[in-house]
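Have a look at work_4.cif below; it lists mmCIF, C-alpha atoms.
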```cif
data_coords
#
loop_
_atom_site.label_atom_id
_atom_site.label_comp_id
_atom_site.auth_asym_id
_atom_site.auth_seq_id
_atom_site.Cartn_x
_atom_site.Cartn_y
_atom_site.Cartn_z
CA MET A 1 -5.69 -13.16 -44.05
CA LYS A 2 -2.12 -13.77 -42.92
CA LYS A 3 -2.89 -17.11 -41.25
CA ASP A 4 -4.95 -18.26 -44.21
CA ILE A 5 -2.13 -17.47 -46.65
CA GLU A 6 0.40 -19.19 -44.37
CA ARG A 7 -1.79 -22.29 -44.29
CA VAL A 8 -2.04 -22.37 -48.10
CA LEU A 9 1.69 -21.85 -48.58
CA ARG A 10 2.58 -24.53 -46.04
CA GLU A 11 0.52 -26.99 -48.03
CA ALA A 12 1.76 -25.78 -51.45
CA PRO A 13 4.73 -23.36 -51.35
CA GLY A 14 5.67 -21.39 -54.46
CA LEU A 15 2.21 -20.19 -55.57
CA LYS A 16 1.46 -17.00 -57.46
CA GLY A 17 -0.89 -14.41 -55.97
CA ARG A 18 -3.77 -15.42 -58.26
CA GLN A 19 -3.38 -19.06 -57.22
CA ILE A 20 -3.46 -18.15 -53.54
CA ALA A 21 -6.52 -15.98 -54.12
CA LYS A 22 -8.30 -18.81 -55.94
CA LYS A 23 -7.64 -21.27 -53.08
CA LEU A 24 -8.97 -18.75 -50.55
CA GLY A 25 -11.91 -17.55 -52.65
CA LEU A 26 -10.61 -13.97 -52.56
CA GLU A 27 -9.94 -11.27 -55.16
CA LYS A 28 -6.45 -11.41 -56.69
CA LYS A 29 -5.88 -7.70 -56.21
CA ASP A 30 -6.70 -7.92 -52.49
CA VAL A 31 -4.27 -10.80 -51.96
CA ASN A 32 -1.47 -9.13 -53.97
CA SER A 33 -1.99 -5.86 -52.12
CA PHE A 34 -1.77 -7.64 -48.77
CA LEU A 35 1.35 -9.59 -49.76
CA ALA A 36 3.08 -6.43 -51.01
CA HIS A 37 2.96 -5.04 -47.45
CA GLN A 38 4.12 -8.28 -45.79
CA GLU A 39 7.76 -8.47 -46.92
CA HIS A 40 8.89 -9.59 -43.46
CA ASN A 41 6.46 -12.55 -43.56
CA PHE A 42 6.34 -13.54 -47.25
CA ALA A 43 8.99 -13.57 -49.99
CA LYS A 44 8.50 -13.41 -53.79
CA ASP A 45 10.98 -15.02 -56.19
CA GLU A 46 11.92 -14.04 -59.75
CA ASN A 47 8.86 -15.90 -61.08
CA ASP A 48 6.49 -13.95 -58.79
CA CYS A 49 5.88 -17.05 -56.66
CA TRP A 50 5.37 -16.58 -52.95
CA SER A 51 6.76 -18.49 -49.96
CA ILE A 52 6.81 -18.03 -46.21
CA VAL A 53 9.83 -16.26 -44.75
CA GLN A 54 11.27 -18.70 -42.26
CA PRO A 55 12.39 -17.10 -38.98
CA LEU A 56 15.36 -18.48 -37.10
CA GLU A 57 13.12 -19.09 -34.10
CA LEU A 58 9.74 -20.80 -33.90
CA SER A 59 7.64 -19.75 -30.91
CA VAL A 60 4.80 -22.00 -29.73
CA GLN A 61 2.55 -20.27 -27.20
CA PHE A 62 -0.05 -22.29 -25.35
CA ASN A 63 -3.38 -20.79 -24.34
CA PRO A 64 -3.48 -18.76 -21.12
CA HIS A 65 -6.12 -19.34 -18.45
CA SER A 66 -6.78 -22.83 -19.80
CA TRP A 67 -6.38 -26.51 -19.11
CA ILE A 68 -4.24 -27.90 -21.94
CA ASP A 69 -5.35 -31.36 -23.00
CA ALA A 70 -4.08 -33.32 -25.99
CA ASP A 71 -6.45 -31.62 -28.45
CA SER A 72 -5.60 -28.07 -27.41
CA PHE A 73 -1.89 -29.01 -27.42
CA GLU A 74 -2.23 -30.14 -31.04
CA ASP A 75 -4.24 -27.02 -31.92
CA CYS A 76 -1.38 -24.81 -30.75
CA LEU A 77 1.14 -26.77 -32.83
CA ILE A 78 -1.10 -26.59 -35.91
CA GLU A 79 -1.50 -22.84 -35.54
CA THR A 80 2.24 -22.30 -35.23
CA GLY A 81 3.57 -24.98 -37.54
CA SER A 82 5.34 -28.28 -36.96
CA PRO A 83 8.48 -27.77 -34.83
CA LEU A 84 10.13 -30.96 -36.10
CA GLU A 85 9.50 -30.10 -39.74
CA SER A 86 10.19 -26.37 -39.49
CA GLU A 87 13.42 -25.00 -40.92
CA CYS A 88 13.87 -23.00 -37.70
CA THR A 89 16.90 -24.03 -35.68
CA GLN A 90 15.45 -22.75 -32.39
CA VAL A 91 12.08 -23.62 -30.83
CA VAL A 92 10.56 -21.82 -27.84
CA PHE A 93 7.55 -23.17 -25.96
CA VAL A 94 5.83 -20.42 -23.96
CA ILE A 95 3.64 -21.38 -20.99
CA PRO A 96 1.62 -18.23 -20.18
CA GLU A 97 -0.41 -17.22 -17.14
CA LYS A 98 -2.61 -19.95 -15.64
CA CYS A 99 -1.79 -22.39 -18.41
CA ARG A 100 -2.21 -25.83 -16.84
CA LEU A 101 -0.91 -28.86 -18.70
CA LEU A 102 -2.70 -32.18 -18.22
CA VAL A 103 -0.50 -35.28 -18.11
CA GLU A 104 -1.42 -36.24 -21.70
CA ALA A 105 -0.21 -32.84 -22.98
CA SER A 106 2.84 -32.79 -20.70
CA CYS A 107 3.93 -36.16 -22.04
CA ARG A 108 3.65 -35.08 -25.69
CA LEU A 109 5.52 -31.86 -24.94
CA LEU A 110 8.26 -33.79 -23.15
CA ALA A 111 8.67 -36.29 -25.99
CA LEU A 112 8.68 -33.53 -28.61
CA CYS A 113 11.32 -31.51 -26.75
CA ASN A 114 13.63 -34.52 -26.50
CA GLN A 115 13.10 -35.31 -30.19
CA LEU A 116 13.89 -31.73 -31.22
CA VAL A 117 17.14 -31.80 -29.27
CA ASP A 118 17.98 -35.15 -30.86
CA VAL A 119 17.81 -33.61 -34.36
CA GLY A 120 20.04 -30.72 -33.33
CA LYS A 121 17.58 -27.93 -32.55
CA LYS A 122 17.89 -25.57 -29.63
CA VAL A 123 14.84 -25.85 -27.34
CA THR A 124 13.65 -23.40 -24.69
CA LEU A 125 10.77 -23.82 -22.26
CA ASP A 126 9.67 -20.40 -21.02
CA PHE A 127 7.72 -20.40 -17.74
CA THR A 128 8.37 -16.75 -16.84
CA GLY A 129 4.68 -15.94 -17.30
CA TYR A 130 3.48 -18.74 -15.01
CA LYS A 131 6.04 -20.15 -12.61
CA GLN A 132 3.41 -22.33 -10.92
CA ALA A 133 3.39 -24.53 -14.04
CA LEU A 134 7.14 -24.99 -13.70
CA SER A 135 6.68 -25.97 -10.05
CA PHE A 136 3.99 -28.52 -10.91
CA LEU A 137 6.01 -30.10 -13.73
CA ASP A 138 8.99 -30.30 -11.39
CA ARG A 139 6.84 -32.19 -8.90
CA VAL A 140 5.71 -34.75 -11.49
CA GLY A 141 9.27 -35.40 -12.67
CA PHE A 142 9.10 -33.60 -16.03
CA PHE A 143 12.55 -32.06 -15.74
CA SER A 144 14.14 -35.29 -14.53
CA VAL A 145 13.54 -36.86 -17.95
CA LEU A 146 13.84 -33.71 -20.07
CA SER A 147 17.03 -33.50 -22.12
CA GLU A 148 19.74 -31.59 -20.27
CA LYS A 149 20.29 -29.59 -23.46
CA CYS A 150 16.86 -27.93 -23.14
CA GLU A 151 16.93 -24.44 -21.67
CA VAL A 152 14.35 -23.71 -18.95
CA LEU A 153 13.32 -20.14 -18.06
CA PRO A 154 13.50 -18.49 -15.62
CA LYS A 155 15.68 -21.41 -14.45
CA LYS A 156 15.59 -25.16 -14.13
CA PRO A 157 15.15 -26.41 -10.55
CA LYS A 158 18.47 -27.46 -9.05
CA VAL A 159 16.90 -30.13 -6.85
CA SER A 160 14.08 -32.26 -8.21
CA ARG A 161 10.93 -32.15 -6.10
CA ALA A 162 9.85 -35.36 -7.82
CA GLN A 163 12.87 -37.18 -6.44
CA ARG A 164 12.51 -35.57 -3.01
CA TYR A 165 8.83 -36.45 -2.60
CA LYS A 166 8.64 -39.55 -4.82
CA GLY A 167 5.87 -41.92 -3.80
CA GLN A 168 4.39 -39.61 -1.17
CA ASN A 169 1.37 -38.54 -3.24
CA LYS A 170 -0.89 -41.52 -3.92
CA LYS A 171 -2.68 -39.62 -6.69
CA LEU A 172 0.29 -39.53 -9.04
CA VAL A 173 3.20 -41.51 -10.33
CA GLU A 174 6.05 -39.26 -11.36
CA PHE A 175 7.38 -39.43 -14.91
CA GLY A 176 9.59 -42.46 -15.20
CA VAL A 177 11.94 -43.68 -17.90
CA ILE A 178 11.60 -46.80 -20.04
CA GLU A 179 15.00 -47.69 -21.40
CA PRO A 180 14.79 -48.43 -25.14
CA THR A 181 15.91 -51.67 -26.73
CA GLU A 182 18.97 -50.09 -28.35
CA CYS A 183 20.29 -49.21 -24.89
CA LYS A 184 19.33 -52.13 -22.66
CA GLY A 185 18.01 -54.94 -24.89
CA LYS A 186 14.50 -56.34 -25.13
CA GLU A 187 14.24 -57.86 -21.67
CA LEU A 188 12.50 -55.82 -18.98
CA THR A 189 15.03 -54.32 -16.60
CA SER A 190 14.51 -54.08 -12.85
CA GLU A 191 13.73 -50.38 -13.42
CA ASP A 192 11.07 -51.28 -15.99
CA LYS A 193 9.47 -53.79 -13.63
CA SER A 194 9.57 -51.24 -10.82
CA MET A 195 7.78 -48.72 -13.06
CA ILE A 196 5.06 -51.28 -13.87
CA ASP A 197 4.60 -52.01 -10.17
CA GLU A 198 4.43 -48.31 -9.25
CA LEU A 199 1.80 -47.59 -11.90
CA THR A 200 -0.26 -50.65 -10.95
CA ASP A 201 -0.10 -49.96 -7.20
CA ALA A 202 -1.10 -46.31 -7.64
CA PHE A 203 -3.93 -47.26 -9.96
CA VAL A 204 -5.30 -49.87 -7.56
CA ASP A 205 -4.91 -47.51 -4.59
CA GLN A 206 -7.17 -44.94 -6.26
CA ALA A 207 -9.54 -47.16 -8.21
CA GLY A 208 -9.90 -50.29 -6.10
CA ASN A 209 -8.72 -53.90 -6.20
CA GLU A 210 -11.03 -54.75 -9.11
CA TYR A 211 -8.69 -52.72 -11.32
CA GLU A 212 -5.55 -54.68 -10.47
CA THR A 213 -5.70 -57.01 -13.46
CA VAL A 214 -6.52 -54.28 -15.95
CA ALA A 215 -3.73 -52.08 -14.63
CA SER A 216 -0.99 -54.72 -14.50
CA THR A 217 -1.94 -56.06 -17.94
CA ILE A 218 -1.99 -52.70 -19.67
CA PHE A 219 1.17 -51.30 -18.12
CA GLY A 220 3.11 -54.52 -18.51
CA GLU A 221 2.19 -55.03 -22.14
CA LEU A 222 2.61 -51.43 -23.28
CA ILE A 223 5.99 -51.08 -21.61
CA GLY A 224 6.96 -54.47 -23.03
CA ASN A 225 5.99 -53.26 -26.51
CA ILE A 226 8.26 -50.26 -26.14
CA LYS A 227 11.12 -52.56 -25.18
CA ASN A 228 10.50 -54.80 -28.18
CA HIS A 229 9.55 -52.45 -30.97
CA SER A 230 10.46 -48.79 -30.41
CA SER A 231 13.82 -48.98 -32.28
CA THR A 232 15.23 -45.73 -30.93
CA LYS A 233 17.87 -44.54 -28.52
CA LEU A 234 15.46 -42.01 -27.00
CA LYS A 235 13.92 -43.09 -23.71
CA GLY A 236 10.27 -44.00 -23.30
CA LEU A 237 8.09 -42.32 -20.68
CA ALA A 238 5.24 -43.22 -18.33
CA SER A 239 3.21 -41.36 -15.73
CA LEU A 240 -0.14 -41.38 -13.93
CA HIS A 241 -2.35 -38.74 -12.37
CA LYS A 242 -5.75 -38.89 -10.71
CA TYR A 243 -8.04 -35.94 -11.42
CA GLU A 244 -11.03 -35.04 -9.26
CA GLY A 245 -13.89 -32.80 -10.42
CA SER A 246 -17.35 -33.70 -11.68
CA ARG A 247 -16.08 -37.01 -13.15
CA PRO A 248 -13.11 -38.33 -11.19
CA HIS A 249 -10.77 -40.25 -13.43
CA ILE A 250 -7.26 -41.61 -13.70
CA GLN A 251 -5.16 -40.46 -16.64
CA THR A 252 -2.20 -42.64 -17.53
CA VAL A 253 0.34 -42.10 -20.29
CA VAL A 254 2.86 -44.47 -21.86
CA SER A 255 5.02 -42.98 -24.60
CA ASP A 256 7.97 -43.72 -26.85
CA SER A 257 9.78 -41.91 -29.69
CA GLY A 258 10.34 -44.90 -31.94
CA THR A 259 8.97 -46.43 -35.11
CA GLY A 260 5.27 -46.25 -34.24
CA ILE A 261 2.67 -49.00 -34.32
CA ALA A 262 1.93 -48.79 -38.05
CA GLY A 263 5.60 -48.59 -38.95
CA THR A 264 6.28 -51.76 -36.96
CA LEU A 265 3.30 -53.71 -38.28
CA LYS A 266 3.87 -52.90 -41.96
CA LYS A 267 7.16 -54.82 -41.96
CA GLY A 268 5.39 -58.20 -41.86
CA LEU A 269 2.00 -57.54 -43.43
CA GLU A 270 2.66 -58.83 -46.95
CA GLN A 271 3.95 -62.15 -45.65
CA HIS A 272 1.67 -62.76 -42.66
CA TYR A 273 -1.51 -60.72 -43.31
CA PRO A 274 -2.03 -60.45 -47.06
CA GLU A 275 -5.68 -59.45 -46.58
CA LEU A 276 -4.56 -56.37 -44.65
CA TYR A 277 -1.64 -55.71 -46.98
CA LYS A 278 -4.00 -55.54 -49.98
CA LYS A 279 -5.70 -52.53 -48.41
CA ASN A 280 -2.51 -50.43 -48.39
CA ASN A 281 -3.80 -48.19 -51.17
CA GLN A 282 -6.77 -46.95 -49.18
CA ASP A 283 -6.82 -43.50 -47.64
CA ASP A 284 -5.47 -43.24 -44.10
CA TYR A 285 -4.12 -46.78 -44.25
CA GLU A 286 -1.84 -46.36 -41.24
CA ALA A 287 -4.75 -45.14 -39.11
CA PHE A 288 -6.72 -48.20 -40.24
CA LEU A 289 -3.86 -50.50 -39.18
CA VAL A 290 -3.53 -48.90 -35.76
CA GLN A 291 -7.28 -49.13 -35.20
CA GLU A 292 -7.21 -52.84 -36.09
CA ALA A 293 -4.29 -53.42 -33.72
CA MET A 294 -5.73 -51.47 -30.79
CA THR A 295 -9.33 -52.68 -30.99
CA LYS A 296 -8.86 -56.27 -32.20
CA GLY A 297 -5.23 -57.18 -31.51
CA GLY A 298 -3.62 -60.36 -32.77
CA ILE A 299 -1.53 -58.52 -35.37
CA SER A 300 2.25 -58.79 -35.29
CA ARG A 301 5.09 -58.22 -37.74
CA HIS A 302 6.11 -61.82 -36.87
CA GLY A 303 2.74 -63.35 -37.84
CA LYS A 304 -0.26 -64.91 -36.14
CA GLY A 305 0.15 -66.16 -32.62
CA ARG A 306 2.10 -63.01 -31.75
CA GLY A 307 0.89 -59.49 -31.24
CA ALA A 308 -1.50 -60.49 -28.47
CA GLY A 309 -0.40 -57.58 -26.27
CA PHE A 310 -2.80 -55.05 -27.74
CA GLN A 311 -5.50 -57.70 -27.85
CA SER A 312 -5.15 -58.39 -24.12
CA THR A 313 -5.02 -54.67 -23.39
CA SER A 314 -8.18 -54.11 -25.41
CA LYS A 315 -9.97 -56.90 -23.52
CA GLN A 316 -9.08 -55.26 -20.23
CA VAL A 317 -10.01 -51.73 -21.29
CA ILE A 318 -13.40 -52.81 -22.64
CA LYS A 319 -14.51 -53.98 -19.19
CA PHE A 320 -14.71 -50.40 -17.95
CA ASP A 321 -15.83 -47.02 -19.22
CA ALA A 322 -12.59 -45.76 -20.70
CA LYS A 323 -11.16 -43.48 -23.32
CA LEU A 324 -8.00 -44.50 -25.13
CA VAL A 325 -6.06 -42.00 -27.27
CA VAL A 326 -3.28 -43.29 -29.51
CA ARG A 327 -1.04 -40.60 -31.04
CA GLN A 328 1.16 -41.62 -33.97
CA GLU A 329 3.56 -39.62 -36.14
CA THR A 330 0.94 -37.49 -37.92
CA PHE A 331 -2.44 -38.68 -36.63
CA SER A 332 -4.29 -39.79 -33.53
CA LEU A 333 -7.23 -42.09 -32.75
CA LYS A 334 -9.62 -41.49 -29.86
CA ILE A 335 -11.20 -44.83 -28.93
CA GLU A 336 -14.07 -44.82 -26.45
CA TYR A 337 -15.72 -47.66 -24.56
CA LYS A 338 -18.95 -47.62 -22.54
CA ASN A 339 -20.73 -50.43 -20.73
CA GLY A 340 -18.40 -52.99 -22.23
CA ASP A 341 -18.86 -51.86 -25.83
CA LEU A 342 -16.72 -49.97 -28.31
CA VAL A 343 -18.83 -46.87 -28.99
CA SER A 344 -16.61 -44.70 -31.18
CA VAL A 345 -13.26 -44.34 -32.91
CA VAL A 346 -12.55 -40.72 -33.84
CA PRO A 347 -9.48 -40.06 -36.00
CA ARG A 348 -7.60 -36.78 -36.14
CA MET A 349 -5.42 -36.60 -39.23
CA ASN A 350 -2.63 -34.34 -40.56
CA LEU A 351 -1.17 -33.50 -37.16
CA PRO A 352 2.27 -31.91 -36.79
CA ARG A 353 4.96 -34.56 -36.77
CA ILE A 354 5.87 -36.21 -33.45
CA LEU A 355 7.76 -39.48 -33.66
CA GLY A 356 6.68 -42.65 -31.91
CA THR A 357 3.58 -43.87 -30.09
CA HIS A 358 1.94 -41.88 -27.31
CA ILE A 359 -0.91 -43.65 -25.54
CA CYS A 360 -3.21 -42.09 -22.97
CA PHE A 361 -5.86 -43.95 -20.97
CA ASP A 362 -8.64 -42.12 -19.14
CA PHE A 363 -10.45 -44.43 -16.72
CA MET A 364 -13.67 -43.00 -15.27
CA LEU A 365 -14.17 -43.83 -11.60
CA ASP A 366 -17.78 -42.78 -11.00
#
```
The structure in this file should be written as structure tokens.
Amino acid sequence: MKKDIERVLREAPGLKGRQIAKKLGLEKKDVNSFLAHQEHNFAKDENDCWSIVQPLELSVQFNPHSWIDADSFEDCLIETGSPLESECTQVVFVIPEKCRLLVEASCRLLALCNQLVDVGKKVTLDFTGYKQALSFLDRVGFFSVLSEKCEVLPKKPKVSRAQRYKGQNKKLVEFGVIEPTECKGKELTSEDKSMIDELTDAFVDQAGNEYETVASTIFGELIGNIKNHSSTKLKGLASLHKYEGSRPHIQTVVSDSGTGIAGTLKKGLEQHYPELYKKNNQDDYEAFLVQEAMTKGGISRHGKGRGAGFQSTSKQVIKFDAKLVVRQETFSLKIEYKNGDLVSVVPRMNLPRILGTHICFDFMLD
């Protein structure tokens, strides 16, 4: 009952016991009796309205003995509550025994940690229950781009294994930084170009020469979009990992903590795309905009003739069996292609807040 009441009060704080009971389909007396014995979790004001007692620390524990993909990462945040929106000043992420983070989840965790620090919260990553996860994330460069203000338990590696062994494993590209526009301007820096080359070379090495065009197009355009549109001082991120198993595939992430696709596009819709602007009263309008941009392209805040980056990326992705997941501030879209066709777009709405755009490509190699 506790989690159900917390969910109701997160959505509508300040409800009376009878109102909570009605929303949950329970007896008023049962809800009031439960609340009366939960003073450390729920508080009642002078009008007999209930709210959640906010702790100083928010603890997010991922699932033990599990592979953590993007969906299970989001499930853990939903169960705990949104770290960015919580009133807690301290956030602890607990990685328990045999909790293995896929690149897509690692990237979201990394971006979220840096965003939390940026808004003044104290962040701790606790690996005491599974030090192997710390060792793996060290190897893929996680700690090299994690804010120095984040605390790492039992301790942060003094020497980065990613830097020591960089480029020696052909199945991964360590987390690299994409300098945002506010820091280095809109032109690609030599570091940005080097990152594009590293991602492309690794992709081609694992997938074959037929993937060279798709890889260089996608990485170049997505990193270019971060340079042009992210509007943040926080650094963008990119990484790649090849997974074996029953369906070998390459998982690639490109991420930024900026305005987001919808936030960027909305600035020019009324002037340049009135037909899209007229739909701004429909439910899930931002998800609709992002779907249009990612599957059709040709939409830009500057008008027609621009915005071809996503269109070119879409044309490349559609040539292969691929899954594309686009995570925005409070929603994500899972876009799947098979045999050259778009087969599904699955939205996931009302996610805990994470700023920016976080894109993950899964390319199947069998």
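Atom to atom, CA of Leu125 in chain A and CA of Glu148 in chain A stand 12.0 Å apart.
Pairwise distance (CA of Ile78 in chain A, CA of Pro352 in chain A) equals 6.4 Å.
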Study note, to complete from the structure: Val119 in chain A proximity check over A:Glu85, A:Leu26, A:Leu101, A:Gln316, using only C-alpha atoms: winner is A:Glu85
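Comparing the minimum interatomic distances between Tyr211 in chain A and each of A:Lys296, A:Lys267, A:Lys319, A:Arg100, counting only C-alpha atoms, we find that A:Lys319 sits nearest.
Near range 1-8 of chain A, within 9 Å and counting all atoms listed in the file, sit Arg10, Glu11, Ala12, Pro13, Leu15, Ile20, Ala21, Lys23, Leu24, Val31, Phe34, Leu35, Gln38, Asn41, Phe42, Ser51, Ile52 and Glu79 of chain A, not including residues fewer than 2 positions from it in the same chain.
Note on the selection: in this file the PyMOL selection byres ((chain A and resi 106) around 9) comes out as Ile68, Asp69, Ala70, Leu101, Leu102, Val103, Glu104, Ala105, Cys107, Arg108, Leu109, Leu110, Ala111, Leu137 and Phe142 of chain A.
Picture a line from CA of Lys122 in chain A to CA of Trp67 in chain A; it runs 26.5 Å.
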Practice item. Give as a ChimeraX atom specification the residues that the PyMOL selection byres ((chain A and resi 348) around 9) matches when applied to the coordinates above. Key: /A:330-334,346-347,349-351
Explicit residue set for the PyMOL selection byres ((chain A and resi 342) around 10), as a short mmCIF file (atom, residue, chain, number, x, y, z; two decimals) with C-alpha atoms, in the coordinates of the input:
```cif
data_model
loop_
_atom_site.label_atom_id
_atom_site.label_comp_id
_atom_site.auth_asym_id
_atom_site.auth_seq_id
_atom_site.Cartn_x
_atom_site.Cartn_y
_atom_site.Cartn_z
CA THR A 295 -9.33 -52.68 -30.99
CA SER A 314 -8.18 -54.11 -25.41
CA VAL A 317 -10.01 -51.73 -21.29
CA ILE A 318 -13.40 -52.81 -22.64
CA ASP A 321 -15.83 -47.02 -19.22
CA ALA A 322 -12.59 -45.76 -20.70
CA LYS A 323 -11.16 -43.48 -23.32
CA ILE A 335 -11.20 -44.83 -28.93
CA GLU A 336 -14.07 -44.82 -26.45
CA TYR A 337 -15.72 -47.66 -24.56
CA LYS A 338 -18.95 -47.62 -22.54
CA ASN A 339 -20.73 -50.43 -20.73
CA GLY A 340 -18.40 -52.99 -22.23
CA ASP A 341 -18.86 -51.86 -25.83
CA VAL A 343 -18.83 -46.87 -28.99
CA SER A 344 -16.61 -44.70 -31.18
CA VAL A 345 -13.26 -44.34 -32.91
#
```
